[in-house]
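A.B. asks: Contents of protein.txt (compact mmCIF, C-alpha atoms) are below:
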# COMPACT_ATOMS: atom_id res chain seq x y z
CA MET A 1 9.06 8.45 -24.09
CA VAL A 2 11.56 8.43 -21.24
CA ILE A 3 9.04 9.31 -18.50
CA PRO A 4 6.41 6.76 -19.61
CA SER A 5 9.14 4.10 -19.78
CA VAL A 6 10.26 4.88 -16.23
CA LEU A 7 6.64 4.77 -15.04
CA PHE A 8 6.16 1.43 -16.83
CA TYR A 9 9.13 -0.19 -15.07
CA ALA A 10 7.97 1.30 -11.77
CA PHE A 11 4.54 -0.21 -12.43
CA ILE A 12 6.10 -3.64 -13.02
CA ALA A 13 7.91 -3.33 -9.67
CA VAL A 14 4.72 -2.29 -7.87
CA VAL A 15 2.68 -5.15 -9.37
CA SER A 16 5.44 -7.58 -8.39
CA ILE A 17 5.39 -6.32 -4.78
CA GLN A 18 1.59 -6.65 -4.67
CA ILE A 19 1.60 -10.20 -6.05
CA ILE A 20 4.41 -11.32 -3.73
CA TYR A 21 2.60 -9.74 -0.76
CA TYR A 22 -0.71 -11.42 -1.57
CA LEU A 23 0.79 -14.83 -2.29
CA SER A 24 3.28 -14.87 0.60
CA PHE A 25 1.33 -13.10 3.35
CA LEU A 26 -2.37 -13.34 2.58
CA PHE A 27 -3.03 -16.43 0.50
CA SER A 28 -2.16 -18.96 3.21
CA PHE A 29 -4.92 -17.69 5.50
CA SER A 30 -7.49 -17.15 2.76
CA ILE A 31 -7.49 -20.88 1.92
CA LYS A 32 -7.16 -22.09 5.53
CA ARG A 33 -10.20 -23.89 6.94
CA ALA A 34 -11.47 -23.19 10.43
CA GLU A 35 -10.42 -25.90 12.88
CA THR A 36 -12.81 -27.93 15.02
CA ARG A 37 -11.43 -27.94 18.52
CA LEU A 38 -12.26 -29.58 21.81
CA LYS A 39 -14.74 -27.32 23.56
CA LYS A 40 -13.40 -26.48 27.01
CA GLN A 41 -15.79 -24.73 29.38
CA ILE A 42 -13.15 -22.80 31.31
CA PRO A 43 -14.35 -19.91 33.52
CA ILE A 44 -14.56 -16.72 31.47
CA SER A 45 -14.99 -13.03 32.30
CA VAL A 46 -16.62 -11.00 29.51
CA ILE A 47 -15.52 -7.36 29.67
CA ILE A 48 -17.77 -4.71 28.09
CA CYS A 49 -16.74 -1.07 28.36
CA ALA A 50 -19.61 1.24 27.40
CA LYS A 51 -20.05 4.98 27.02
CA ASN A 52 -23.60 6.15 26.22
CA GLU A 53 -24.74 2.74 25.00
CA ALA A 54 -28.06 2.30 26.81
CA GLU A 55 -30.05 0.96 23.82
CA ASN A 56 -27.29 -1.39 22.66
CA LEU A 57 -26.89 -2.80 26.16
CA LYS A 58 -30.62 -3.56 26.38
CA LYS A 59 -30.35 -5.43 23.08
CA ASN A 60 -27.13 -7.36 23.59
CA ILE A 61 -26.75 -8.17 27.30
CA PRO A 62 -29.62 -10.73 27.15
CA LEU A 63 -27.93 -12.40 24.15
CA ILE A 64 -24.65 -12.71 26.04
CA LEU A 65 -26.43 -14.00 29.15
CA SER A 66 -28.07 -16.67 27.01
CA GLN A 67 -24.74 -18.08 25.80
CA ASN A 68 -24.57 -21.87 25.96
CA TYR A 69 -21.67 -21.75 28.40
CA SER A 70 -21.42 -23.15 31.89
CA SER A 71 -19.22 -20.67 33.75
CA PHE A 72 -18.90 -17.00 32.91
CA GLU A 73 -19.46 -13.53 34.33
CA ILE A 74 -20.09 -10.23 32.57
CA VAL A 75 -18.18 -7.19 33.80
CA LEU A 76 -20.00 -4.05 32.69
CA VAL A 77 -17.87 -0.91 32.79
CA ASN A 78 -19.71 2.40 32.63
CA ASP A 79 -17.22 4.94 31.27
CA SER A 80 -18.79 8.19 32.50
CA SER A 81 -21.96 7.93 30.42
CA TYR A 82 -24.50 10.73 30.44
CA ASP A 83 -27.43 8.74 29.04
CA ASP A 84 -29.20 5.82 30.81
CA THR A 85 -26.24 3.42 30.49
CA LEU A 86 -25.53 3.29 34.25
CA GLU A 87 -29.20 2.72 35.12
CA ILE A 88 -29.45 -0.10 32.56
CA MET A 89 -26.32 -1.73 33.97
CA LYS A 90 -27.60 -1.47 37.55
CA ALA A 91 -30.90 -3.06 36.54
CA TYR A 92 -29.15 -6.05 34.96
CA GLU A 93 -26.76 -6.38 37.89
CA ALA A 94 -29.68 -6.48 40.32
CA GLU A 95 -31.38 -9.25 38.33
CA ASN A 96 -28.38 -11.48 37.62
CA ASN A 97 -25.56 -12.67 39.87
CA ALA A 98 -23.34 -13.23 36.82
CA ILE A 99 -23.11 -9.48 36.22
CA LYS A 100 -20.64 -7.15 37.93
CA LEU A 101 -20.76 -3.38 37.52
CA VAL A 102 -17.80 -0.99 37.48
CA ASP A 103 -18.73 2.70 37.41
CA VAL A 104 -15.95 5.01 36.23
CA LYS A 105 -16.48 8.60 37.33
CA THR A 106 -15.77 11.62 35.14
CA ASN A 107 -12.62 12.67 36.99
CA GLU A 108 -11.17 9.15 36.63
CA ALA A 109 -12.06 8.89 32.94
CA PHE A 110 -10.33 12.21 32.28
CA TRP A 111 -6.98 10.69 33.26
CA GLY A 112 -6.88 7.63 31.03
CA ASN A 113 -9.98 7.53 28.80
CA LYS A 114 -11.18 4.08 27.72
CA LYS A 115 -7.94 2.31 28.67
CA TYR A 116 -8.28 3.32 32.30
CA ALA A 117 -11.92 2.22 32.34
CA LEU A 118 -10.95 -1.14 30.84
CA THR A 119 -8.18 -1.54 33.38
CA LEU A 120 -10.68 -1.12 36.21
CA GLY A 121 -12.93 -3.69 34.57
CA ILE A 122 -10.07 -6.18 34.22
CA LYS A 123 -9.10 -5.68 37.87
CA ALA A 124 -12.71 -6.29 38.93
CA SER A 125 -13.01 -9.54 36.95
CA LYS A 126 -12.70 -12.77 38.94
CA HIS A 127 -11.51 -15.12 36.18
CA ASP A 128 -8.12 -15.36 34.48
CA PHE A 129 -9.51 -15.76 30.96
CA LEU A 130 -10.96 -12.52 29.58
CA VAL A 131 -13.15 -12.04 26.50
CA PHE A 132 -13.61 -8.50 25.15
CA THR A 133 -16.44 -7.08 23.08
CA ASP A 134 -18.31 -3.80 22.68
CA ALA A 135 -21.80 -2.84 23.78
CA ASP A 136 -23.02 -2.65 20.18
CA CYS A 137 -21.74 -6.15 19.32
CA THR A 138 -24.16 -9.05 18.95
CA PRO A 139 -22.82 -12.62 19.25
CA ASN A 140 -23.45 -14.50 16.01
CA SER A 141 -24.54 -17.61 17.93
CA ASP A 142 -25.05 -18.93 21.44
CA ARG A 143 -21.71 -20.74 21.01
CA TRP A 144 -19.67 -17.55 20.74
CA LEU A 145 -17.94 -17.99 24.11
CA THR A 146 -17.48 -21.72 23.52
CA GLU A 147 -15.73 -21.11 20.20
CA ILE A 148 -13.48 -18.33 21.50
CA SER A 149 -12.47 -20.09 24.72
CA SER A 150 -11.68 -23.39 22.96
CA HIS A 151 -8.47 -21.83 21.58
CA PHE A 152 -6.96 -21.10 25.00
CA SER A 153 -4.27 -23.52 26.15
CA ASN A 154 -1.13 -23.59 28.27
CA GLU A 155 0.68 -22.05 25.30
CA LYS A 156 -2.03 -19.86 23.76
CA SER A 157 -2.92 -16.85 25.89
CA ILE A 158 -4.38 -14.61 23.14
CA VAL A 159 -7.33 -15.37 20.86
CA LEU A 160 -8.10 -13.09 17.91
CA GLY A 161 -11.69 -13.16 16.61
CA TYR A 162 -13.62 -11.54 13.79
CA GLY A 163 -15.96 -8.59 14.32
CA ALA A 164 -18.37 -8.27 11.38
CA TYR A 165 -20.84 -5.50 10.56
CA VAL A 166 -24.53 -5.71 9.73
CA LYS A 167 -25.30 -5.70 6.00
CA LYS A 168 -27.36 -2.75 4.73
CA LYS A 169 -28.91 -2.90 1.28
CA PHE A 170 -28.29 -0.15 -1.27
CA SER A 171 -25.57 1.50 0.82
CA ILE A 172 -22.13 2.18 -0.66
CA LEU A 173 -20.87 3.28 2.76
CA ASN A 174 -21.96 -0.03 4.31
CA LYS A 175 -20.17 -2.01 1.59
CA LEU A 176 -17.06 0.14 2.01
CA ILE A 177 -17.04 -0.41 5.79
CA ARG A 178 -17.48 -4.16 5.38
CA PHE A 179 -14.82 -4.31 2.65
CA GLU A 180 -12.32 -2.49 4.87
CA THR A 181 -13.22 -4.84 7.75
CA VAL A 182 -12.61 -7.96 5.64
CA MET A 183 -9.31 -6.61 4.27
CA THR A 184 -8.11 -5.68 7.76
CA ALA A 185 -9.08 -9.10 9.12
CA LEU A 186 -7.37 -10.82 6.18
CA GLN A 187 -4.18 -9.01 7.11
CA TYR A 188 -4.14 -9.45 10.87
CA PHE A 189 -5.19 -13.10 10.65
CA SER A 190 -2.58 -13.76 7.93
CA TYR A 191 0.21 -12.07 9.87
CA ALA A 192 -0.72 -14.04 12.99
CA LYS A 193 -0.80 -17.30 11.05
CA MET A 194 2.70 -16.57 9.74
CA GLY A 195 3.98 -15.98 13.27
CA THR A 196 4.03 -12.18 13.42
CA PRO A 197 0.69 -11.03 14.92
CA TYR A 198 0.31 -7.26 14.98
CA MET A 199 -3.23 -6.36 16.06
CA GLY A 200 -6.68 -7.47 17.15
CA VAL A 201 -10.08 -5.80 17.30
CA GLY A 202 -11.76 -4.97 20.61
CA ARG A 203 -15.12 -6.07 19.20
CA ASN A 204 -14.04 -9.69 19.49
CA MET A 205 -10.84 -10.88 21.12
CA ALA A 206 -9.62 -12.56 24.30
CA TYR A 207 -6.52 -12.86 26.45
CA ARG A 208 -5.41 -13.97 29.89
CA LYS A 209 -5.47 -11.52 32.76
CA GLU A 210 -1.98 -12.68 33.75
CA LEU A 211 -0.67 -11.52 30.36
CA PHE A 212 -2.24 -8.09 30.89
CA PHE A 213 -0.64 -7.50 34.29
CA ASN A 214 2.74 -8.99 33.30
CA ASN A 215 2.81 -6.30 30.60
CA CYS A 216 1.81 -3.58 33.12
CA GLY A 217 -1.48 -3.21 31.28
CA PHE A 218 -1.72 -0.25 28.92
CA ASN A 219 1.01 1.74 30.69
CA ASN A 220 3.28 2.04 27.68
CA HIS A 221 0.58 3.78 25.63
CA MET A 222 -1.91 5.06 28.22
CA SER A 223 -1.55 8.62 26.93
CA ILE A 224 -2.71 7.57 23.45
CA LYS A 225 -6.49 7.84 23.25
CA SER A 226 -7.00 4.77 21.04
CA GLY A 227 -5.21 1.44 20.82
CA ASP A 228 -6.64 -0.49 23.77
CA ASP A 229 -6.94 -3.43 21.38
CA ASP A 230 -4.39 -3.16 18.54
CA LEU A 231 -1.52 -1.48 20.44
CA PHE A 232 -1.82 -3.91 23.34
CA ILE A 233 -1.81 -6.93 21.01
CA ASN A 234 1.09 -5.41 19.06
CA GLU A 235 3.07 -5.32 22.30
CA VAL A 236 2.33 -8.75 23.75
CA ALA A 237 1.46 -11.09 20.87
CA ASN A 238 4.01 -13.45 19.34
CA ALA A 239 4.16 -16.57 17.20
CA SER A 240 3.66 -18.97 20.10
CA ASN A 241 1.01 -17.29 22.29
CA THR A 242 -1.59 -16.25 19.69
CA ALA A 243 -4.51 -18.32 18.34
CA LEU A 244 -7.17 -17.52 15.74
CA SER A 245 -10.92 -18.06 15.97
CA TYR A 246 -12.92 -17.56 12.77
CA THR A 247 -15.76 -20.05 12.65
CA LYS A 248 -19.03 -18.28 11.87
CA GLU A 249 -20.31 -19.17 15.35
CA SER A 250 -17.46 -17.14 16.86
CA PHE A 251 -18.24 -13.86 15.03
CA THR A 252 -19.69 -10.78 16.64
CA ILE A 253 -21.82 -8.43 14.53
CA SER A 254 -21.99 -4.67 15.07
CA GLU A 255 -24.07 -1.84 13.71
CA PRO A 256 -21.89 0.14 11.26
CA LYS A 257 -21.66 3.89 11.05
CA THR A 258 -24.41 5.41 8.92
CA SER A 259 -22.68 8.57 7.71
CA PHE A 260 -19.32 9.15 6.06
CA LYS A 261 -18.49 11.83 8.63
CA THR A 262 -18.83 9.57 11.67
CA TRP A 263 -17.03 6.71 9.91
CA ILE A 264 -14.14 8.99 8.92
CA LEU A 265 -13.83 10.20 12.53
CA GLN A 266 -13.72 6.58 13.71
CA LYS A 267 -11.09 5.62 11.14
CA ARG A 268 -8.99 8.66 12.03
CA ARG A 269 -8.70 7.34 15.59
CA HIS A 270 -7.86 3.84 14.39
CA ILE A 271 -5.27 4.88 11.81
CA SER A 272 -3.55 7.24 14.27
CA THR A 273 -2.31 4.25 16.30
CA ALA A 274 -0.44 2.59 13.40
CA LYS A 275 2.63 4.78 13.90
CA PHE A 276 3.11 3.16 17.32
CA TYR A 277 3.28 -0.40 15.95
CA LYS A 278 6.57 -2.29 15.95
CA LYS A 279 8.88 -1.10 13.17
CA LYS A 280 8.64 -4.33 11.17
CA HIS A 281 4.85 -4.08 11.14
CA GLN A 282 4.97 -0.41 10.16
CA PHE A 283 7.28 -1.29 7.27
CA LEU A 284 5.25 -4.23 5.95
CA LEU A 285 1.88 -2.49 6.28
CA GLY A 286 3.27 0.73 4.85
CA LEU A 287 4.80 -1.13 1.90
CA PHE A 288 1.47 -2.77 1.17
CA TYR A 289 -0.48 0.49 1.29
CA ILE A 290 2.06 2.50 -0.75
CA SER A 291 2.28 -0.24 -3.39
CA ASN A 292 -1.53 -0.32 -3.47
CA LEU A 293 -1.69 3.44 -3.99
CA LEU A 294 1.02 3.40 -6.66
CA PHE A 295 -0.66 0.47 -8.42
CA TRP A 296 -3.72 2.61 -9.06
CA ILE A 297 -1.86 5.85 -9.83
CA LEU A 298 0.65 4.29 -12.22
CA GLY A 299 -1.81 1.89 -13.82
CA LEU A 300 -4.40 4.56 -14.59
CA THR A 301 -1.72 7.04 -15.74
CA LEU A 302 -0.17 4.56 -18.18
CA LEU A 303 -3.59 3.59 -19.54
CA LEU A 304 -4.50 7.25 -20.09
CA VAL A 305 -1.29 8.01 -22.03
CA GLY A 306 -1.68 4.77 -23.96
CA PHE A 307 1.82 3.49 -23.22
CA SER A 308 2.13 -0.26 -23.98
CA TRP A 309 -1.50 -0.68 -23.04
CA PRO A 310 -1.64 -4.46 -23.77
CA TRP A 311 1.14 -4.98 -21.20
CA ILE A 312 -0.60 -2.68 -18.72
CA VAL A 313 -3.87 -4.58 -19.10
CA PHE A 314 -1.98 -7.87 -18.70
CA LEU A 315 -0.29 -6.72 -15.49
CA LEU A 316 -3.54 -5.29 -14.13
CA SER A 317 -5.29 -8.58 -14.88
CA ILE A 318 -2.67 -10.70 -13.10
CA ARG A 319 -2.71 -8.53 -9.99
CA PHE A 320 -6.53 -8.41 -9.84
CA ALA A 321 -6.73 -12.19 -10.37
CA VAL A 322 -4.42 -12.85 -7.43
CA GLN A 323 -6.24 -10.31 -5.26
CA TRP A 324 -9.66 -11.71 -6.21
CA LEU A 325 -8.47 -15.18 -5.27
CA CYS A 326 -7.27 -14.11 -1.80
CA PHE A 327 -10.16 -11.76 -1.11
CA GLY A 328 -12.77 -14.14 -2.53
CA PHE A 329 -11.82 -17.06 -0.29
CA THR A 330 -11.66 -14.74 2.73
CA ALA A 331 -14.99 -13.05 1.94
CA LYS A 332 -16.62 -16.46 1.69
CA LYS A 333 -15.10 -17.47 5.04
CA PHE A 334 -16.50 -14.30 6.64
CA GLU A 335 -19.86 -14.52 4.81
CA GLU A 336 -19.26 -11.31 2.83
CA THR A 337 -19.54 -12.75 -0.70
CA ASP A 338 -21.61 -9.81 -2.01
CA LEU A 339 -18.43 -7.70 -1.86
CA ILE A 340 -16.35 -9.86 -4.22
CA ILE A 341 -17.64 -8.48 -7.51
CA LEU A 342 -17.27 -4.87 -6.26
CA MET A 343 -13.74 -5.34 -4.96
CA PRO A 344 -11.84 -3.03 -7.41
CA ILE A 345 -14.29 -0.14 -6.93
CA LEU A 346 -14.32 -0.53 -3.15
CA GLU A 347 -10.54 -0.77 -3.03
CA LEU A 348 -10.14 2.49 -4.98
CA PHE A 349 -12.64 4.21 -2.65
CA LEU A 350 -10.83 2.87 0.41
CA ILE A 351 -7.34 3.83 -0.73
CA THR A 352 -8.34 7.43 -1.48
CA THR A 353 -10.22 7.64 1.82
CA GLN A 354 -7.22 6.33 3.77
CA LEU A 355 -4.97 8.86 2.03
CA SER A 356 -7.28 11.73 3.02
CA ILE A 357 -7.41 10.43 6.60
CA PHE A 358 -3.62 10.23 6.77
CA ILE A 359 -3.34 13.83 5.56
CA ALA A 360 -6.03 14.98 8.02
CA ASN A 361 -4.19 13.28 10.91
CA LEU A 362 -1.01 15.14 9.98
CA ILE A 363 -2.91 18.43 10.26
CA SER A 364 -4.77 17.70 13.51
CA LYS A 365 -5.02 14.89 16.06
CA PRO A 366 -8.22 12.80 16.28
CA LYS A 367 -10.36 13.27 19.38
CA HIS A 368 -11.66 11.11 22.26
CA TRP A 369 -12.93 7.57 21.63
CA LYS A 370 -16.57 8.66 22.07
Turn the structure described in the file into structure tokens.
C.D. replies:
Amino acid sequence: MVIPSVLFYAFIAVVSIQIIYYLSFLFSFSIKRAETRLKKQIPISVIICAKNEAENLKKNIPLILSQNYSSFEIVLVNDSSYDDTLEIMKAYEAENNAIKLVDVKTNEAFWGNKKYALTLGIKASKHDFLVFTDADCTPNSDRWLTEISSHFSNEKSIVLGYGAYVKKKFSILNKLIRFETVMTALQYFSYAKMGTPYMGVGRNMAYRKELFFNNCGFNNHMSIKSGDDDLFINEVANASNTALSYTKESFTISEPKTSFKTWILQKRRHISTAKFYKKKHQFLLGLFYISNLLFWILGLTLLLVGFSWPWIVFLLSIRFAVQWLCFGFTAKKFEETDLIILMPILELFLITTQLSIFIANLISKPKHWK
């Protein structure tokens, strides 16, 4: 009985860490309402870096051009595409004075990958306020730019937005992708609200050009293939310069991966950047993931051996209740309510997937961004 007793006390500690984490870090954002702000029509440059995105550009450029916004340009950066991306960009540039094209050649892209291409796009932009999205991202409304830009001020030079994914019926992978997206957003919004922002997503975020050049751009992590969004924000964001935008009008919506293989490859690139975060962020995020993993391992083990099962069920119930509360409010805010009832199953899937990705990244490095 010694080993089960040790596992039981370890389980109590893990559940306590989880509950404290959810209530102290995540709950405050999950119940926070989106603020209505004065809509400032400041000049904006929208930066879109694309590699082999011809069809997505044809779909989404018209939707960005039709934004209900008085002064903006679109900087299209062709990152050495080998499909019709460059031709599509040239056609739009010829038809619209608000579009500027930056063509990154193969030899240039070889040096710095996406970060170098983005740097050229930022240098080519004419406005100080920059909004970033991807070629496959659709604005959720014609007020997308209005909502994002309204959070800029003399103090706020970074705006973090939410990048959702299209819902697909009868797809476990789609639900898993959307669940992971909501959980990630819950964390980075919560950390930012508490004054310690650690990341943003390139599908939907904004910052001032001055901030970019004062930080010498991506120089400190140019050799790392991913991280043009999260590593940059991790470097420059702080409690005073970061704002949050999460009204439904400010969302972007992307097409999710349709196979586990391509999604795993994408997540391998994303997860590989976490080890370059600030130490305090590595510790807090690592503590959350490890306690999550141990919660499932210890809980299921103790249930299987039948050790004090009423107490185990009680502890499981408390932790799930707190998690459901935080996740439920957040899922409603992000219009992902169909995920709430499936939360425990999706969490178990996600934790095991993340563990396999972590192990795979130890064995070999993930490849280029496209």
A.B. asks: Quick one, how far is atom CA of Ala185 of chain A from atom CA of Gly161 of chain A?
C.D. replies: 8.9 Å
A.B. asks: As a compact mmCIF listing (two decimals) with C-alpha atoms, in the coordinates of the input, please: the residues near Lys114 of chain A (cut-off 12 Å, all atoms listed in the file, same-chain neighbours under 4 positions excluded).
C.D. replies:
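Result went into result.txt, see below:
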# COMPACT_ATOMS: atom_id res chain seq x y z
CA ILE A 48 -17.77 -4.71 28.09
CA CYS A 49 -16.74 -1.07 28.36
CA ALA A 50 -19.61 1.24 27.40
CA LYS A 51 -20.05 4.98 27.02
CA VAL A 77 -17.87 -0.91 32.79
CA ASN A 78 -19.71 2.40 32.63
CA ASP A 79 -17.22 4.94 31.27
CA SER A 80 -18.79 8.19 32.50
CA SER A 81 -21.96 7.93 30.42
CA VAL A 104 -15.95 5.01 36.23
CA LYS A 105 -16.48 8.60 37.33
CA THR A 106 -15.77 11.62 35.14
CA GLU A 108 -11.17 9.15 36.63
CA ALA A 109 -12.06 8.89 32.94
CA PHE A 110 -10.33 12.21 32.28
CA LEU A 118 -10.95 -1.14 30.84
CA THR A 119 -8.18 -1.54 33.38
CA LEU A 120 -10.68 -1.12 36.21
CA GLY A 121 -12.93 -3.69 34.57
CA ASP A 134 -18.31 -3.80 22.68
CA GLY A 202 -11.76 -4.97 20.61
CA PHE A 218 -1.72 -0.25 28.92
CA HIS A 221 0.58 3.78 25.63
CA MET A 222 -1.91 5.06 28.22
CA SER A 223 -1.55 8.62 26.93
CA ILE A 224 -2.71 7.57 23.45
CA LYS A 225 -6.49 7.84 23.25
CA SER A 226 -7.00 4.77 21.04
CA GLY A 227 -5.21 1.44 20.82
CA ASP A 228 -6.64 -0.49 23.77
CA ASP A 229 -6.94 -3.43 21.38
CA HIS A 368 -11.66 11.11 22.26
CA TRP A 369 -12.93 7.57 21.63
CA LYS A 370 -16.57 8.66 22.07
A.B. asks: Rounded to one decimal place, report the atom CA of Leu316 of chain A-atom CA of Gly299 of chain A distance in Å.
C.D. replies: 7.4 Å
A.B. asks: Using atom CA of Leu265 of chain A and atom CA of Leu342 of chain A as the two end points, give the distance in Å to one decimal.
C.D. replies: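 That distance, rounded to one decimal, is 24.3 Å.
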A.B. asks: Excluding segment 276-279 of chain A and residues on its chain fewer than 4 positions from it, collect all residues at most 7 Å away from it, counting all atoms listed in the file, and give them as a PyMOL selection string.
C.D. replies: chain A and resi 231+234+283
A.B. asks: Name the residues in contact with segment 43-47 of chain A at a cut-off of 8 Å, using only C-alpha atoms, excluding same-chain residues fewer than 2 positions from it; report them as a ChimeraX atom specification.
C.D. replies: /A:41,49,70-77,118,121-122,125-133,149
A.B. asks: With distances taken over all atoms listed in the file, which residue among A:Ile345, A:Leu284, A:Phe334, A:Ile357 lies nearest Met183 of chain A?
C.D. replies: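 Of A:Ile345, A:Leu284, A:Phe334, A:Ile357, the one nearest Met183 of chain A, counting all atoms listed in the file, is A:Phe334.
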A.B. asks: Return the padded bounding box of segment 235-249 of chain A as AutoDock Vina command-line options: axis-aligned, built from all atoms listed in the file, 6 Å added on each side, with centre and edge lengths in Å to one decimal.
C.D. replies:
--center_x -8.1 --center_y -12.7 --center_z 17.8 --size_x 36.5 --size_y 26.7 --size_z 23.9
A.B. asks: Rank nothing, just name the residue among A:Ala10, A:Ala98, A:Cys326, A:Ile42 nearest to Arg208 of chain A, using all atoms listed in the file.
C.D. replies: A:Ile42
